[in-house]
Structure formats: C-alpha cells, structure tokens
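Remarks on the structure that follows.
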Amino acid sequence: MFRKVLVANRGEIAVRVVRALRELGIASVATYSDADRGSLAVRLADEAAHVGPSPSSESYLRIDRIIETAKRHGAEAIHPGYGFLSENAEFAEACASADIVFIGPPADAIRKLGSKTAARQLAIAAGAPVVPGTEHALSGWEEARAAAQSLGYPVLLKASAGGGGKGMRRVDGEAELQSALRDAASEAGRAFGNSEVYVEKLVDEPRHIEIQILGDQHGNLIHLGERECSTQRRHQKVIEECPSPLMASHPDLRERMGQAALRVARAAGYTNAGTVEFLVDGEANFYFLEVNTRLQVEHPVTELVTGLDLVEWQLKIAAGEPLTLRQEAIEWRGSAIECRIYAEDPDNEFMPAPGTIMHLSEPSGPGIRLDSGIFEGWNVPLEYDPLLAKLAAWGPTRETAIRRLDRALAEYVLTGVRNNIAFFREVLADAEFRSGRLSTSFLERFFKRRKKTEAEPEAEAAAALVLALQSKGSGSPLLRNVSRWLDSGREELLR
Amino acid sequence: MKRHVTVNGRSGTIEVDGSRLRYVREDGVAIEGEFSIEGSSVLLNGRSYRVSKGTGKEIWVNGLRLSMDVFDPRDLRPGQGSSANHGRQEIAASMPGKVIRILVAAGDAVEEGQGLVVVEAMKMQNEMKSPKAGRVAEVRTRPDATVGAGEILVVVE
C-alpha cells in the first residue's frame, strides 16, 4: 500500500479522500488554490501544498503543477476526486511517466470511454443497448439539422467530453436548433476545453439509473448495483438513492443492467471504480448513456447500502491489490437517499450564492451521514461548483430513509449563504416523490405545484424578538458575526 | 420597548415587556406570550425556535430564511422615496461572476425578455434579460469583466 497520497481536488471530496487515507494509515497531501488556503481539506490533511491562483485553469487543472507538487512532497499516488483532472487521460499518462500512480482507470480506458461518442460505439460493440443518435461529433449546423430531422424531434444536444449537464440542450424543433447548438458548444468549450457536440433522440420521461462498478488489475470486475439519480434540475443531479424504487417491481433489472455495465467495462479494459449510466424508459427498457471513469459525487448511497468503502477499494486496487469481493457476496441492505446541499437560491432560479458561512450546526444521529467541506467562517468561493455538502440517510426502507433525511434537514442550520436545505424538505414531502415513480422531469413538474414554505407568525415573532433585543443593545451572543471560540479566547487573554 | 418590524416587506410591531412579547402584523395577525431566550434558542409560549442571523437583513428561523428589519420608531425616517424611473431600467448582475458574452450594443432595440448579457458564476451561465421592450441606452461592462452582485451591466430605456 502507498505511504503518502496527494489529493488533487477541493471541497467535500478532498475531505472524503483525506478521511479514507487517515483510516488506512496513509499520509495525505491536500492541494489548494488561493481561494482554498483555509479549506477544511487543508486543515484535515497531514500536508498541504499551494497549486496556484483561484481560477481552476491555473491551479486544480494544471497537470504540471500537480505532478511537481506530488514529487516535491514524496507522494506515490494521486487521487483526483471527481471533476477537474479525474477524467483526463493526459493527466493519467503524465502521472505514469512521472512514476506516480493515478488512482483511477488506465489512461487508455479513460480515452475509450471519455468521449461520449467513442463510448457509444464501444457499448454497441459490447452488446449494450443505446439510444439512437449520431455516433460522432457534429461537424456543424448542416449536419446537426439533417441528423435531428432523421431522428425526429425532440432531440438532445450533448457535449462529447461532457458530464453534469454542462453543454447539454433539449431541442423541440428546428427553430431552436441553431441557438441551442451555439450555446451547447460554447458551454462545453468553457467546461471541458472541448466544444464538440453530438445529437441523440430524446427518451421521454426517462429515469436516470447508473451502475457502480469496481475492477482490479487482475481481471476481476464486479458491479455494486444501481443508484437512481432521476431527481435532477437542468440535468444536474440533486437527490440520489439506492436501491432504485423501480427495482421492487422489476426484480431482475439490477442484474441485467449490472451485466450490461460489466460488458462495457470489460470491453474498455476498465479497472478501479467507475459508473455506467443508463436511461430507463417507462417499460423498464434501459439504454447505455455514458461511463464516468471516476468516483461519483453520489457514491455514499452505494456505500451505505452495501457496507463497502469505495475510496478504500480505489486505493487498494491502484496499489495492485486483488479485489477480494465476489459478486455473489455483494448484498444490498435497506435504502439510502442523499441530497446535495448547494450554495444557491431556490427562490431565485437557483442562482449560485457565494459568501461566508455565518452559522453552522450540522445534523447527526441514527442513519445520518454528512460529507461536508464547510465550517463557520468559511468563505464559499465563486470560482467553483457551489456544492457545499452531501447529506445522506440510511434506513431499513425507503420510507424510513426519507423520514430520517427530513429529520436531519430540519436539524441543519446553515446561514450566511443561501442554500437549498428548506427546498429539499419540500421535495421530500411531495406525494409523487414519496411514491417513487420518478423520472428526470419530476422536478419540473414539482416546480409547477411548489408552494414555498412560509414561516409561521410565531417564528417571525421569535426572530423579531432577537433583533429587537439586539437593537436595544443587550448584545445577544448569536448575533455577533465572530465565532464564540474566538470570543472566549479573547476573554481568556484579557483575564 | 416597542419596535417596528418589516418581514419580507410586510410591516408590524413588536413590544417586549420583561419576559412577555406582543407581535402584531399589519394584516391583523397577532402573537402574544411568554418567552425565554438563550443564545440562538428562543422559547415562545413553550415552543422552540432556532434563530440565526445571516448576511444583511437575512435571518433564519427553524431553517426558513426571512428578510427582516427591526427599528426604533423614534428613528423612523421618511421612506427612501422610490424615484420615478422615467422608464429607464438598470439591469444589474444578480450574483458575483464573470461576464461571458454581451449580446447587445448601445442603441440596439430590444424586446422584453431578450438576453442582454451572459454572466457565469460557479460554472453556471445565466442570461440577464431585458425587463421591457426599448432601446439599449448604455452597456456598462465588457467581456471577461468580473462583476459584483448588484453591479449595473446594461441600461435599457
């Protein structure tokens, strides 16, 4: 096993990896940009290194600096987290030539699966079902028009190098095609440095269900079941769960999807952790979508239900250890649901809301797992994705998991930056969500009937009381912006 | 002690006398009772509330955000006087970010809802739209500029 590993990422995922490293007795090296000097990952890691200015293109995406930093700190391996360099074949190769282990699949597998069009071709060859569409990047407007016409509207434009909904546009008719093509290409170029776009037939009201896979360097490859991520807003997952509620009525679906995922992974020569994404239609037909050649944001729900530690397995596999888990021994126990806590304003079109965390009181208790990258006083930078934390709940049934998640959301106090905590409580209370009949358009329907939760007059009175007493100058301690630890420290010094 | 209160734009008053309070809203809703306060914990008629201050006028009660102002009626000044805007509309950035594209130039005629400027923050692109049909009087930003929340980007008249 490695003695020291560098974490080439930030936020909650850097914390997640640093935690796994400490549990395994491996020294950790966090990396930080200017904006992240004070980050939680830096505080929790054994060592930390500056990798550049705040824009990620000058820090977390700088292959040369990351590798040089790993060398300087004597790290034998690099964990890339998700996003940034995690799906960058060039980076995986650069690691190899610097004699550093890249904790992820081989560069060749990333390349085969990294382009969505190449992955489609590979999936077709491996015998996995795919959604009809172009199998290559569009050369321009003329080709886009012809392809969309022959597929029939509605169609979906997607970035070849994409993920997370960036560079993706639904097009309902030819009138919208040109501007959608321009926007998708521009967004893809900014997000991935590659503006190639392709077009697919839109599967109406699909579920988004993905299969977690794990493979070692000795030819062992298994799947860890599914995650349902249908609760999405603008193609961005917000709630993920395992098992998918669909599995209850289709007992063989998990195994059929699992086997299709493994065929694709095997064809690509895949090792380490990965995720094969599928769209599933109303009749439980599934279509290969893409492979995410990295750890997923939503991996905790799989960990809660299978009892496995995916980051630990990533490290073991990268160190050359064999996968000692057998497919038959994998068990799915109970139900887990996760919601992504974002610094965004649900009451203002989910605008990102950077700022400073003023008060934070985090939930815990039975069945709760919180993967967070924040603390009181942390300044949420505007340069990066607004994900603050992931709150997950486990329960023996989906109903119990939902109740626990709601309870934990009610305990969660997070002020200073606007966030979606109260919004999640509204979603969890929704009858359609509770029924488990999900699809990727669920949230759109939910928004139409959404009634914003209003504070009761008693709650207003309680808040007004606090402000009134403050205006009187009685100095209620909660209203000061500084931490009470700092205060008591100062008091100590003055004694 | 008596204070004026505005909550999400609605006004009211709160009177505090020892451990009793009376909160009356302009719509006639009135809350009266015994309270106890300890740090961020408020008990009002035996019910428990957690109150934390956010940024500016934001205050959070049991997970819900309110915009609240409390002031002494003796300090009351006349309203800020919303000056008539003569149809001029200033389009401001709704969040800090970076200007990605400017879709109009000064002098252009624009429709209501037409995109004016694309601003990116935290990897999300957002189009600032014209609130009315009219003519672009002024473009006050440029591509790649870093802008703060509330910064005026375009003026439409």
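We name chains A, B, ... following the order of the structure tokens; residues begin at 1 in each chain, and ligands are numbered from 1 as shown.
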
Report as CSV: every residue of chain A with an atom at most 7 Å from chain B, its closest pair of atoms, and their distance in Å to one decimal, counting only C-alpha atoms, with rows sorted by chain and ascending residue number.
residue,atom,partner,partner_atom,distance
A:Pro352,CA,B:Met122,CA,6.7
A:Ala353,CA,B:Met95,CA,6.9
A:Met358,CA,B:Gly54,CA,6.3
A:His359,CA,B:Ser52,CA,6.7
A:Leu382,CA,B:Met122,CA,5.4
A:Glu383,CA,B:Met122,CA,5.3
A:Tyr384,CA,B:Met122,CA,4.6
A:Asp385,CA,B:Met122,CA,4.8
A:Pro386,CA,B:Met122,CA,6.0
A:Ala410,CA,B:Gly63,CA,6.6
A:Val413,CA,B:Gly63,CA,6.3
A:Thr415,CA,B:Gly54,CA,5.0
A:Gly416,CA,B:Gly54,CA,4.3
A:Ala422,CA,B:Gly63,CA,6.2
A:Ala455,CA,B:Leu64,CA,6.4
A:Glu458,CA,B:Ile31,CA,6.5
A:Ala459,CA,B:Val61,CA,6.3
A:Ala461,CA,B:Tyr23,CA,5.9
A:Ala462,CA,B:Val42,CA,6.4
A:Ala463,CA,B:Val51,CA,6.1
A:Ala464,CA,B:Val70,CA,6.9
A:Leu467,CA,B:Val70,CA,6.2
A:Ala468,CA,B:Val70,CA,6.2
A:Ser476,CA,B:Gly39,CA,6.6
A:Pro477,CA,B:Gly39,CA,6.0
A:Leu478,CA,B:Ser40,CA,5.6
A:Leu479,CA,B:Lys53,CA,6.0

Writing out the chosen residues with N, CA and C atoms as a short mmCIF file (atom, residue, chain, number, x, y, z; two decimals), in the first residue's frame:
data_model
loop_
_atom_site.label_atom_id
_atom_site.label_comp_id
_atom_site.auth_asym_id
_atom_site.auth_seq_id
_atom_site.Cartn_x
_atom_site.Cartn_y
_atom_site.Cartn_z
N PRO A 352 -26.41 30.79 -8.12
CA PRO A 352 -25.33 30.49 -7.17
C PRO A 352 -25.21 31.63 -6.15
N ALA A 353 -24.90 31.26 -4.91
CA ALA A 353 -24.87 32.25 -3.84
C ALA A 353 -23.58 32.13 -3.03
N MET A 358 -22.04 31.82 8.12
CA MET A 358 -22.08 32.54 9.40
C MET A 358 -22.38 31.61 10.56
N HIS A 359 -23.44 30.83 10.43
CA HIS A 359 -23.76 29.87 11.50
C HIS A 359 -23.91 28.50 10.87
N LEU A 382 -16.51 31.94 -5.37
CA LEU A 382 -17.39 31.97 -6.53
C LEU A 382 -16.78 31.26 -7.73
N GLU A 383 -15.52 30.84 -7.60
CA GLU A 383 -14.82 30.26 -8.75
C GLU A 383 -15.22 28.82 -9.04
N TYR A 384 -15.84 28.13 -8.08
CA TYR A 384 -16.05 26.69 -8.26
C TYR A 384 -17.52 26.32 -8.17
N ASP A 385 -17.76 25.02 -8.40
CA ASP A 385 -19.08 24.45 -8.25
C ASP A 385 -19.63 24.77 -6.85
N PRO A 386 -20.93 25.13 -6.75
CA PRO A 386 -21.46 25.55 -5.44
C PRO A 386 -21.84 24.42 -4.48
N ALA A 410 -34.09 19.15 8.96
CA ALA A 410 -34.69 20.05 9.94
C ALA A 410 -33.68 20.47 11.01
N VAL A 413 -28.60 23.76 10.48
CA VAL A 413 -28.62 25.23 10.45
C VAL A 413 -27.42 25.68 9.62
N THR A 415 -26.39 29.31 7.76
CA THR A 415 -26.76 30.67 7.36
C THR A 415 -25.54 31.41 6.83
N GLY A 416 -25.82 32.53 6.17
CA GLY A 416 -24.76 33.33 5.58
C GLY A 416 -24.78 33.18 4.07
N ALA A 422 -34.05 23.98 2.91
CA ALA A 422 -35.51 24.04 3.10
C ALA A 422 -36.23 23.48 1.87
N ALA A 455 -42.72 30.91 6.87
CA ALA A 455 -42.56 30.84 8.32
C ALA A 455 -43.89 31.20 8.98
N GLU A 458 -45.55 32.90 14.58
CA GLU A 458 -44.80 32.70 15.83
C GLU A 458 -43.30 32.74 15.56
N ALA A 459 -42.90 32.13 14.41
CA ALA A 459 -41.48 32.10 14.07
C ALA A 459 -40.99 33.51 13.75
N ALA A 461 -42.22 36.18 15.02
CA ALA A 461 -42.15 36.87 16.32
C ALA A 461 -40.85 36.52 17.03
N ALA A 462 -40.45 35.25 16.97
CA ALA A 462 -39.21 34.82 17.63
C ALA A 462 -38.01 35.54 17.03
N ALA A 463 -38.00 35.65 15.68
CA ALA A 463 -36.89 36.32 15.01
C ALA A 463 -36.90 37.81 15.32
N ALA A 464 -38.10 38.41 15.31
CA ALA A 464 -38.22 39.85 15.60
C ALA A 464 -37.76 40.14 17.03
N LEU A 467 -33.97 40.34 17.14
CA LEU A 467 -33.47 41.59 16.58
C LEU A 467 -33.82 42.79 17.47
N ALA A 468 -35.00 42.75 18.07
CA ALA A 468 -35.43 43.85 18.93
C ALA A 468 -34.51 43.95 20.14
N SER A 476 -27.24 40.02 22.36
CA SER A 476 -27.42 38.57 22.31
C SER A 476 -26.24 37.95 21.55
N PRO A 477 -25.54 36.96 22.11
CA PRO A 477 -24.28 36.49 21.52
C PRO A 477 -24.44 35.90 20.12
N LEU A 478 -25.62 35.38 19.78
CA LEU A 478 -25.73 34.74 18.48
C LEU A 478 -25.67 35.74 17.34
N LEU A 479 -25.81 37.00 17.65
CA LEU A 479 -25.90 37.97 16.58
C LEU A 479 -24.54 38.51 16.17
#

Just list the residues in stretch 221-455 of chain A DSSP gives alpha helix (DSSP H) on the backbone, as an MDAnalysis selection string. chainID A and resid 253:268 299:306 310:318 398:411 421:428 431:435 442:449

Just give me the gap between atom CA of A:Pro381 and atom CA of A:Arg62 in Å, one decimal is fine. 18.9 Å

All strand (DSSP E or B) positions in stretch 50-221 of chain A, as a ChimeraX atom specification: /A:50-52,77-79,101-102,130,133,155-159,169-171,197-201,207-215,221

Could you save the residues just selected, with N, CA and C atoms, as a compact mmCIF listing (two decimals), in the first residue's frame?
# COMPACT_ATOMS: atom_id res chain seq x y z
N HIS A 50 0.23 24.62 -2.04
CA HIS A 50 -0.41 25.61 -2.91
C HIS A 50 -0.16 25.22 -4.36
N VAL A 51 -1.23 25.23 -5.18
CA VAL A 51 -1.02 24.85 -6.58
C VAL A 51 -1.40 25.96 -7.56
N GLY A 52 -1.69 27.17 -7.05
CA GLY A 52 -1.90 28.27 -7.99
C GLY A 52 -3.03 29.20 -7.61
N ALA A 77 1.19 8.39 -5.05
CA ALA A 77 -0.03 8.27 -5.87
C ALA A 77 -0.84 9.56 -5.76
N ILE A 78 -1.73 9.77 -6.75
CA ILE A 78 -2.61 10.95 -6.75
C ILE A 78 -4.05 10.49 -6.86
N HIS A 79 -4.89 10.96 -5.93
CA HIS A 79 -6.33 10.73 -6.06
C HIS A 79 -6.95 11.99 -6.66
N VAL A 101 1.41 6.85 -9.24
CA VAL A 101 0.21 6.07 -9.56
C VAL A 101 -1.01 6.99 -9.62
N PHE A 102 -1.74 6.93 -10.71
CA PHE A 102 -3.00 7.65 -10.86
C PHE A 102 -4.09 6.76 -10.29
N VAL A 130 -28.27 1.10 -26.74
CA VAL A 130 -28.01 2.55 -26.72
C VAL A 130 -29.20 3.32 -27.30
N GLY A 133 -28.80 7.86 -32.18
CA GLY A 133 -28.21 9.19 -32.33
C GLY A 133 -26.97 9.15 -33.19
N VAL A 155 -34.97 16.27 -29.71
CA VAL A 155 -33.63 15.67 -29.65
C VAL A 155 -32.85 16.33 -28.51
N LEU A 156 -31.70 15.75 -28.21
CA LEU A 156 -30.86 16.27 -27.14
C LEU A 156 -29.46 16.50 -27.69
N LEU A 157 -28.94 17.75 -27.52
CA LEU A 157 -27.55 18.03 -27.89
C LEU A 157 -26.69 17.76 -26.67
N LYS A 158 -25.56 17.09 -26.87
CA LYS A 158 -24.71 16.77 -25.72
C LYS A 158 -23.25 17.01 -26.07
N ALA A 159 -22.48 17.40 -25.05
CA ALA A 159 -21.04 17.63 -25.25
C ALA A 159 -20.32 16.29 -25.30
N ARG A 169 -28.44 20.44 -24.23
CA ARG A 169 -29.64 21.24 -24.54
C ARG A 169 -30.72 20.35 -25.15
N ARG A 170 -31.95 20.49 -24.65
CA ARG A 170 -33.10 19.84 -25.28
C ARG A 170 -33.57 20.74 -26.41
N VAL A 171 -33.85 20.15 -27.57
CA VAL A 171 -34.31 20.94 -28.70
C VAL A 171 -35.63 20.33 -29.19
N VAL A 197 -19.93 18.62 -30.00
CA VAL A 197 -21.29 18.32 -29.56
C VAL A 197 -21.87 17.25 -30.49
N TYR A 198 -22.71 16.35 -29.95
CA TYR A 198 -23.42 15.40 -30.80
C TYR A 198 -24.90 15.41 -30.46
N VAL A 199 -25.69 14.66 -31.24
CA VAL A 199 -27.14 14.73 -31.05
C VAL A 199 -27.73 13.33 -30.86
N GLU A 200 -28.72 13.24 -29.98
CA GLU A 200 -29.39 11.97 -29.68
C GLU A 200 -30.90 12.15 -29.70
N LYS A 201 -31.63 11.08 -29.97
CA LYS A 201 -33.08 11.07 -29.80
C LYS A 201 -33.38 11.23 -28.31
N ARG A 207 -36.01 7.57 -16.57
CA ARG A 207 -35.32 7.55 -15.29
C ARG A 207 -33.83 7.56 -15.59
N HIS A 208 -33.05 8.10 -14.69
CA HIS A 208 -31.59 8.03 -14.80
C HIS A 208 -31.13 7.05 -13.73
N ILE A 209 -30.65 5.90 -14.18
CA ILE A 209 -30.18 4.89 -13.24
C ILE A 209 -28.77 4.48 -13.65
N GLU A 210 -27.86 4.44 -12.70
CA GLU A 210 -26.47 4.14 -13.02
C GLU A 210 -25.98 2.95 -12.21
N ILE A 211 -24.99 2.26 -12.76
CA ILE A 211 -24.43 1.08 -12.10
C ILE A 211 -23.01 1.36 -11.65
N GLN A 212 -22.74 1.11 -10.38
CA GLN A 212 -21.38 1.26 -9.85
C GLN A 212 -20.58 0.00 -10.16
N ILE A 213 -19.41 0.18 -10.74
CA ILE A 213 -18.55 -0.98 -10.99
C ILE A 213 -17.22 -0.82 -10.27
N LEU A 214 -16.55 -1.95 -10.09
CA LEU A 214 -15.27 -1.98 -9.40
C LEU A 214 -14.46 -3.10 -10.04
N GLY A 215 -13.26 -2.77 -10.52
CA GLY A 215 -12.44 -3.81 -11.16
C GLY A 215 -11.00 -3.69 -10.71
N LEU A 221 -13.85 -8.15 -12.01
CA LEU A 221 -14.71 -7.00 -12.26
C LEU A 221 -16.10 -7.32 -11.71

Mind checking which residues fall within 10 Å of A:Arg263, counting only C-alpha atoms, ignoring those fewer than 5 positions away in the same chain, and posting them as a PDB file with N, CA and C atoms, in the first residue's frame?
ATOM      1  N   LEU A 122     -18.340   1.818 -28.467  1.00  0.00           N
ATOM      2  CA  LEU A 122     -17.825   0.692 -27.701  1.00  0.00           C
ATOM      3  C   LEU A 122     -18.971  -0.099 -27.072  1.00  0.00           C
ATOM      4  N   ALA A 123     -19.991   0.626 -26.560  1.00  0.00           N
ATOM      5  CA  ALA A 123     -21.135  -0.038 -25.937  1.00  0.00           C
ATOM      6  C   ALA A 123     -21.908  -0.863 -26.961  1.00  0.00           C
ATOM      7  N   ALA A 125     -20.697  -2.207 -29.677  1.00  0.00           N
ATOM      8  CA  ALA A 125     -19.877  -3.389 -29.972  1.00  0.00           C
ATOM      9  C   ALA A 125     -19.939  -4.404 -28.842  1.00  0.00           C
ATOM     10  N   ALA A 126     -20.068  -3.914 -27.600  1.00  0.00           N
ATOM     11  CA  ALA A 126     -20.102  -4.826 -26.449  1.00  0.00           C
ATOM     12  C   ALA A 126     -21.500  -5.401 -26.221  1.00  0.00           C
ATOM     13  N   GLY A 127     -22.470  -4.950 -27.007  1.00  0.00           N
ATOM     14  CA  GLY A 127     -23.814  -5.507 -26.902  1.00  0.00           C
ATOM     15  C   GLY A 127     -24.679  -4.849 -25.847  1.00  0.00           C
ATOM     16  N   ALA A 128     -24.366  -3.601 -25.480  1.00  0.00           N
ATOM     17  CA  ALA A 128     -25.239  -2.879 -24.549  1.00  0.00           C
ATOM     18  C   ALA A 128     -26.189  -2.006 -25.359  1.00  0.00           C
ATOM     19  N   LEU A 221     -13.846  -8.150 -12.008  1.00  0.00           N
ATOM     20  CA  LEU A 221     -14.707  -6.997 -12.262  1.00  0.00           C
ATOM     21  C   LEU A 221     -16.097  -7.316 -11.711  1.00  0.00           C
ATOM     22  N   MET A 257     -28.932  -4.932 -15.811  1.00  0.00           N
ATOM     23  CA  MET A 257     -28.185  -3.681 -16.017  1.00  0.00           C
ATOM     24  C   MET A 257     -26.737  -3.854 -15.567  1.00  0.00           C
ATOM     25  N   GLY A 258     -26.553  -4.554 -14.467  1.00  0.00           N
ATOM     26  CA  GLY A 258     -25.200  -4.809 -13.953  1.00  0.00           C
ATOM     27  C   GLY A 258     -24.358  -5.545 -14.983  1.00  0.00           C
ATOM     28  N   ALA A 268     -13.637  -2.080 -22.436  1.00  0.00           N
ATOM     29  CA  ALA A 268     -12.740  -0.917 -22.367  1.00  0.00           C
ATOM     30  C   ALA A 268     -11.468  -1.224 -21.584  1.00  0.00           C
TER      31      ALA A 268
END
